[in-house]
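K.L.:
Input structure: input.cif, which contains mmCIF, C-alpha atoms.
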```cif
data_model
#
loop_
_atom_site.group_PDB
_atom_site.id
_atom_site.type_symbol
_atom_site.label_atom_id
_atom_site.label_comp_id
_atom_site.auth_asym_id
_atom_site.auth_seq_id
_atom_site.Cartn_x
_atom_site.Cartn_y
_atom_site.Cartn_z
ATOM 1 C CA MET A 1 -37.017 -75.632 28.723
ATOM 2 C CA ARG A 2 -37.586 -74.919 25.022
ATOM 3 C CA VAL A 3 -34.906 -75.621 22.431
ATOM 4 C CA LEU A 4 -34.850 -74.422 18.839
ATOM 5 C CA VAL A 5 -32.965 -76.486 16.256
ATOM 6 C CA VAL A 6 -32.510 -74.625 12.954
ATOM 7 C CA TYR A 7 -30.755 -75.805 9.818
ATOM 8 C CA GLY A 8 -29.602 -74.608 6.410
ATOM 9 C CA THR A 9 -29.560 -77.205 3.627
ATOM 10 C CA LYS A 10 -29.862 -77.555 -0.144
ATOM 11 C CA ARG A 11 -30.633 -81.266 -0.443
ATOM 12 C CA ALA A 12 -32.280 -82.125 2.920
ATOM 13 C CA GLY A 13 -29.352 -84.092 4.382
ATOM 14 C CA THR A 14 -28.793 -81.485 7.089
ATOM 15 C CA PHE A 15 -32.529 -81.429 7.799
ATOM 16 C CA GLY A 16 -32.244 -85.156 8.549
ATOM 17 C CA ILE A 17 -29.507 -84.482 11.101
ATOM 18 C CA ALA A 18 -31.481 -81.632 12.689
ATOM 19 C CA ASP A 19 -34.532 -83.883 12.874
ATOM 20 C CA MET A 20 -32.548 -86.654 14.598
ATOM 21 C CA ILE A 21 -31.212 -84.128 17.122
ATOM 22 C CA GLY A 22 -34.722 -82.785 17.717
ATOM 23 C CA ASP A 23 -36.125 -86.290 18.207
ATOM 24 C CA HIS A 24 -33.447 -87.179 20.740
ATOM 25 C CA LEU A 25 -33.916 -83.956 22.733
ATOM 26 C CA THR A 26 -37.688 -84.553 22.759
ATOM 27 C CA GLU A 27 -37.155 -88.132 23.982
ATOM 28 C CA ALA A 28 -34.996 -86.672 26.777
ATOM 29 C CA GLY A 29 -37.968 -84.570 27.897
ATOM 30 C CA ILE A 30 -36.988 -81.263 26.298
ATOM 31 C CA ASP A 31 -39.585 -79.264 24.344
ATOM 32 C CA THR A 32 -37.926 -78.981 20.924
ATOM 33 C CA ASP A 33 -38.825 -77.281 17.642
ATOM 34 C CA VAL A 34 -36.955 -78.028 14.385
ATOM 35 C CA ARG A 35 -37.180 -75.272 11.757
ATOM 36 C CA PRO A 36 -35.421 -74.200 8.548
ATOM 37 C CA ALA A 37 -33.007 -71.345 9.230
ATOM 38 C CA ASP A 38 -34.682 -69.131 6.632
ATOM 39 C CA HIS A 39 -38.089 -69.175 8.386
ATOM 40 C CA ARG A 40 -39.065 -66.363 10.702
ATOM 41 C CA VAL A 41 -38.891 -67.486 14.284
ATOM 42 C CA ALA A 42 -38.967 -65.684 17.633
ATOM 43 C CA VAL A 43 -35.570 -66.800 18.935
ATOM 44 C CA ALA A 44 -36.198 -64.987 22.225
ATOM 45 C CA ASP A 45 -38.982 -67.528 22.949
ATOM 46 C CA TYR A 46 -36.394 -70.309 23.288
ATOM 47 C CA ASP A 47 -34.033 -71.138 26.150
ATOM 48 C CA ALA A 48 -31.322 -72.707 23.957
ATOM 49 C CA VAL A 49 -30.551 -72.912 20.234
ATOM 50 C CA ILE A 50 -28.772 -75.384 17.973
ATOM 51 C CA VAL A 51 -27.834 -74.159 14.482
ATOM 52 C CA GLY A 52 -26.739 -76.520 11.729
ATOM 53 C CA GLY A 53 -25.513 -75.902 8.239
ATOM 54 C CA ALA A 54 -24.437 -77.983 5.298
ATOM 55 C CA LEU A 55 -20.907 -77.318 4.092
ATOM 56 C CA TYR A 56 -20.313 -76.527 0.444
ATOM 57 C CA ALA A 57 -16.690 -75.868 -0.588
ATOM 58 C CA ASN A 58 -15.807 -75.121 3.057
ATOM 59 C CA ARG A 59 -18.620 -72.586 3.403
ATOM 60 C CA TRP A 60 -21.615 -73.008 5.680
ATOM 61 C CA HIS A 61 -25.044 -72.844 4.039
ATOM 62 C CA ARG A 62 -26.060 -69.193 3.666
ATOM 63 C CA HIS A 63 -29.324 -69.561 5.604
ATOM 64 C CA ALA A 64 -27.434 -70.878 8.647
ATOM 65 C CA ARG A 65 -24.866 -68.043 8.368
ATOM 66 C CA ARG A 66 -27.579 -65.409 8.052
ATOM 67 C CA PHE A 67 -29.538 -66.854 10.972
ATOM 68 C CA VAL A 68 -26.556 -66.587 13.310
ATOM 69 C CA LYS A 69 -25.702 -63.069 12.141
ATOM 70 C CA ARG A 70 -29.315 -61.819 12.324
ATOM 71 C CA HIS A 71 -29.916 -63.223 15.818
ATOM 72 C CA ALA A 72 -26.415 -62.826 17.294
ATOM 73 C CA ALA A 73 -27.514 -60.468 20.101
ATOM 74 C CA VAL A 74 -30.154 -62.923 21.387
ATOM 75 C CA LEU A 75 -27.975 -65.983 20.783
ATOM 76 C CA ARG A 76 -25.223 -64.536 22.985
ATOM 77 C CA THR A 77 -27.681 -64.635 25.906
ATOM 78 C CA ARG A 78 -28.507 -68.337 25.515
ATOM 79 C CA PRO A 79 -26.716 -71.672 25.327
ATOM 80 C CA VAL A 80 -25.891 -72.248 21.639
ATOM 81 C CA TRP A 81 -24.360 -75.198 19.809
ATOM 82 C CA LEU A 82 -23.450 -75.425 16.126
ATOM 83 C CA PHE A 83 -23.121 -78.378 13.790
ATOM 84 C CA SER A 84 -21.929 -78.800 10.239
ATOM 85 C CA SER A 85 -22.584 -81.578 7.758
ATOM 86 C CA GLY A 86 -20.675 -82.292 4.673
ATOM 87 C CA PRO A 87 -17.809 -84.738 4.372
ATOM 88 C CA LEU A 88 -18.791 -87.304 1.768
ATOM 89 C CA ASP A 89 -16.821 -90.064 3.438
ATOM 90 C CA ASP A 90 -16.579 -91.583 6.927
ATOM 91 C CA SER A 91 -13.980 -89.073 8.192
ATOM 92 C CA ALA A 92 -16.492 -87.278 10.430
ATOM 93 C CA SER A 93 -17.209 -90.551 12.247
ATOM 94 C CA THR A 94 -13.560 -91.480 12.731
ATOM 95 C CA THR A 95 -11.985 -88.110 13.579
ATOM 96 C CA GLU A 96 -12.960 -84.872 15.253
ATOM 97 C CA ILE A 97 -13.221 -82.316 12.443
ATOM 98 C CA PRO A 98 -12.869 -78.721 13.629
ATOM 99 C CA PRO A 99 -15.206 -76.060 12.313
ATOM 100 C CA VAL A 100 -14.185 -74.338 9.088
ATOM 101 C CA PRO A 101 -12.876 -70.789 9.717
ATOM 102 C CA GLN A 102 -16.192 -69.187 8.733
ATOM 103 C CA VAL A 103 -18.112 -71.290 11.275
ATOM 104 C CA ARG A 104 -15.407 -70.735 13.917
ATOM 105 C CA LYS A 105 -15.946 -66.962 13.600
ATOM 106 C CA LEU A 106 -19.708 -67.364 13.960
ATOM 107 C CA ALA A 107 -19.233 -69.638 16.976
ATOM 108 C CA ASP A 108 -17.004 -67.026 18.607
ATOM 109 C CA ARG A 109 -19.509 -64.290 17.761
ATOM 110 C CA VAL A 110 -22.281 -65.997 19.764
ATOM 111 C CA ASP A 111 -20.098 -67.702 22.390
ATOM 112 C CA ALA A 112 -21.236 -71.142 21.204
ATOM 113 C CA ARG A 113 -20.716 -73.941 23.711
ATOM 114 C CA GLY A 114 -19.610 -76.336 21.041
ATOM 115 C CA HIS A 115 -19.457 -77.422 17.419
ATOM 116 C CA VAL A 116 -19.435 -80.808 15.736
ATOM 117 C CA THR A 117 -19.083 -81.911 12.113
ATOM 118 C CA PHE A 118 -21.178 -84.848 10.915
ATOM 119 C CA GLY A 119 -20.894 -86.737 7.664
ATOM 120 C CA GLY A 120 -23.066 -85.574 4.791
ATOM 121 C CA ARG A 121 -25.354 -87.129 2.237
ATOM 122 C CA LEU A 122 -25.442 -86.843 -1.548
ATOM 123 C CA ALA A 123 -28.122 -88.675 -3.518
ATOM 124 C CA PRO A 124 -27.002 -90.481 -6.686
ATOM 125 C CA ASP A 125 -29.552 -88.500 -8.704
ATOM 126 C CA ALA A 126 -28.405 -85.076 -7.433
ATOM 127 C CA SER A 127 -28.732 -82.414 -10.096
ATOM 128 C CA GLY A 128 -27.036 -79.103 -10.731
ATOM 129 C CA PHE A 129 -23.390 -78.210 -10.732
ATOM 130 C CA PRO A 130 -21.249 -79.376 -8.963
ATOM 131 C CA ALA A 131 -23.535 -81.822 -7.121
ATOM 132 C CA GLY A 132 -24.475 -83.741 -10.274
ATOM 133 C CA ALA A 133 -20.836 -84.284 -11.188
ATOM 134 C CA MET A 134 -19.888 -85.224 -7.630
ATOM 135 C CA ALA A 135 -22.796 -87.677 -7.351
ATOM 136 C CA LYS A 136 -21.290 -89.829 -10.101
ATOM 137 C CA THR A 137 -18.360 -90.771 -7.864
ATOM 138 C CA HIS A 138 -19.237 -89.609 -4.316
ATOM 139 C CA SER A 139 -22.934 -90.345 -3.779
ATOM 140 C CA GLY A 140 -23.913 -91.936 -0.508
ATOM 141 C CA ASP A 141 -25.051 -91.254 3.028
ATOM 142 C CA TRP A 142 -22.348 -90.742 5.670
ATOM 143 C CA ARG A 143 -24.624 -89.408 8.397
ATOM 144 C CA ASP A 144 -23.984 -91.473 11.507
ATOM 145 C CA PRO A 145 -27.218 -91.729 13.548
ATOM 146 C CA ALA A 146 -25.456 -93.196 16.605
ATOM 147 C CA ARG A 147 -22.918 -90.352 16.657
ATOM 148 C CA ILE A 148 -25.666 -87.749 16.108
ATOM 149 C CA ARG A 149 -27.708 -89.184 18.991
ATOM 150 C CA ALA A 150 -24.646 -89.295 21.247
ATOM 151 C CA TRP A 151 -23.879 -85.635 20.525
ATOM 152 C CA ALA A 152 -27.527 -84.660 21.125
ATOM 153 C CA GLY A 153 -27.286 -86.591 24.382
ATOM 154 C CA THR A 154 -24.390 -84.432 25.570
ATOM 155 C CA VAL A 155 -26.419 -81.321 24.764
ATOM 156 C CA ALA A 156 -29.429 -82.735 26.637
ATOM 157 C CA THR A 157 -27.233 -83.527 29.641
ATOM 158 C CA GLU A 158 -26.065 -79.907 29.765
ATOM 159 C CA LEU A 159 -29.627 -78.623 29.471
ATOM 160 C CA LEU A 160 -31.458 -81.012 31.790
ATOM 161 C CA PRO A 161 -30.053 -79.650 35.073
ATOM 162 C CA ALA A 162 -31.557 -76.264 34.100
ATOM 163 C CA THR A 163 -34.870 -78.004 33.357
ATOM 164 C CA HIS A 164 -35.008 -79.650 36.780
ATOM 165 C CA ALA A 165 -33.780 -76.559 38.659
ATOM 166 C CA GLY A 166 -36.695 -74.363 37.582
#
```
If you took the structure in this file and wrote it as structure tokens, what would it be?
P.N.:
Amino acid sequence: MRVLVVYGTKRAGTFGIADMIGDHLTEAGIDTDVRPADHRVAVADYDAVIVGGALYANRWHRHARRFVKRHAAVLRTRPVWLFSSGPLDDSASTTEIPPVPQVRKLADRVDARGHVTFGGRLAPDASGFPAGAMAKTHSGDWRDPARIRAWAGTVATELLPATHAG
């Protein structure tokens, strides 16, 4: 069983989530690769795919969107999960946040098995607009490692029976 975890991010917070997911799947005995969504990758070489994107103004990072659109035909033939990162507060750890409409359409397009929203991260020294302005009042790290690991565990549980069957 080989799993590909791809991510789209501007400031590396979503990479951190993807990396935690990849580490947990590897610990569960699943061969896992974590890659940026804008890198060329042979999706057909993987048995399952997880795609994550940072949310900016209720829009998924463009590299994550493009990855799903470009590989939709192959993704429809494999188990796929999506995740978003973005809320700059603890809301993602206290409530189930549904996918934004754009991500919901992509999930439907590839028959994704699930979606989850995790808290985001914004460094206090973030530059550019609007991140620099937001960092003055909303900087912090709301990624929840325990919740990320628990979600990755549910994915691993779904995948492991296939690993042991073959």
K.L.:
Show me, as a JSON list (two decimals) with C-alpha atoms, in the frame of the given file, the residues that have an atom within 8 Å of Val3 (chain A) when counting only C-alpha atoms, minus same-chain residues fewer than 4 positions from it.
P.N.:
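This went into around13.json:
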```json
[["chain", "number", "residue", "atom", "x", "y", "z"],
["A", 30, "ILE", "CA", -36.99, -81.26, 26.30],
["A", 31, "ASP", "CA", -39.58, -79.26, 24.34],
["A", 32, "THR", "CA", -37.93, -78.98, 20.92],
["A", 33, "ASP", "CA", -38.83, -77.28, 17.64],
["A", 46, "TYR", "CA", -36.39, -70.31, 23.29],
["A", 47, "ASP", "CA", -34.03, -71.14, 26.15],
["A", 48, "ALA", "CA", -31.32, -72.71, 23.96],
["A", 49, "VAL", "CA", -30.55, -72.91, 20.23],
["A", 50, "ILE", "CA", -28.77, -75.38, 17.97]]
```
K.L.:
Closest to Arg113 (chain A) among A:Ser84, A:Asp89, A:Arg76, A:Ala42, using all atoms listed in the file?
P.N.:
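Answer, going by the shortest atom-to-atom distance: A:Arg76.
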K.L.:
Which residues would end up in the selection if the PyMOL selection byres ((chain A and resi 150) around 12) were applied here, given that I need the answer as an MDAnalysis selection string?
P.N.:
chainID A and resid 20:21 24:25 93 116 118 144:149 151:157
K.L.:
Show me as an MDAnalysis selection string the residues that reach within 12 Å of (-28.7, -83.7, 9.5), counting all atoms listed in the file and using the file's own coordinates.
P.N.:
chainID A and resid 5:23 34 36 50:55 82:86 116:122 141:145 147:149 152
K.L.:
Quick check, in Å to one decimal: how far apart do CA of Glu27 (chain A) and CA of Arg65 (chain A) lie?
P.N.:
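Distance reported for this atom pair: 28.3 Å.
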K.L.:
Name every residue that the PyMOL selection byres ((chain A and resi 59) around 9) selects in this structure, writing the answer as a list of chain:residue names with chains first and numbers rising.
P.N.:
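Applying the expression gives A:Ala54, A:Leu55, A:Tyr56, A:Ala57, A:Asn58, A:Trp60, A:His61, A:Arg62, A:Val100, A:Pro101, A:Gln102, A:Val103.
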K.L.:
Could you dump the residues just selected with C-alpha atoms as a compact mmCIF listing (two decimals), in the frame of the given file?
P.N.:
```txt
# COMPACT_ATOMS: atom_id res chain seq x y z
CA ALA A 54 -24.44 -77.98 5.30
CA LEU A 55 -20.91 -77.32 4.09
CA TYR A 56 -20.31 -76.53 0.44
CA ALA A 57 -16.69 -75.87 -0.59
CA ASN A 58 -15.81 -75.12 3.06
CA TRP A 60 -21.62 -73.01 5.68
CA HIS A 61 -25.04 -72.84 4.04
CA ARG A 62 -26.06 -69.19 3.67
CA VAL A 100 -14.18 -74.34 9.09
CA PRO A 101 -12.88 -70.79 9.72
CA GLN A 102 -16.19 -69.19 8.73
CA VAL A 103 -18.11 -71.29 11.28
```
K.L.:
Go ahead and compute the interatomic distance for CA of Glu158 (chain A) and CA of His71 (chain A), in Å to one decimal.
P.N.:
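Straight-line distance from CA of Glu158 (chain A) to CA of His71 (chain A) works out to 22.1 Å.
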K.L.:
Separation of CA of Val74 (chain A) and CA of Asp45 (chain A), in Å?
P.N.:
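The value is 10.1 Å.
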K.L.:
Each side padded by 6 Å, which centre and which edge lengths in Å (one decimal) define the axis-aligned box around the listed atoms of region 9-18 of chain A? Give them as JSON.
P.N.:
```
{"center_x": -30.7, "center_y": -81.2, "center_z": 6.1, "size_x": 15.7, "size_y": 20.0, "size_z": 25.1}
```
K.L.:
Please provide as a PyMOL selection string all residues within 7 Å of His63 (chain A), with the sequence filter that same-chain residues fewer than 4 positions apart are discarded (counting only C-alpha atoms).
P.N.:
chain A and resi 8+37-38+67
K.L.:
Could you save those same residues with C-alpha atoms as a PDB file, in the frame of the given file?
P.N.:
```
ATOM      1  CA  GLY A   8     -29.602 -74.608   6.410  1.00  0.00           C
ATOM      2  CA  ALA A  37     -33.007 -71.345   9.230  1.00  0.00           C
ATOM      3  CA  ASP A  38     -34.682 -69.131   6.632  1.00  0.00           C
ATOM      4  CA  PHE A  67     -29.538 -66.854  10.972  1.00  0.00           C
TER       5      PHE A  67
END
```
K.L.:
Excluding Val110 (chain A) and any residue of its chain fewer than 2 positions from it, enumerate the residues within 8 Å of it, using all atoms listed in the file, and give them as a PyMOL selection string.
P.N.:
chain A and resi 68+72-73+75-76+80+106-108+112
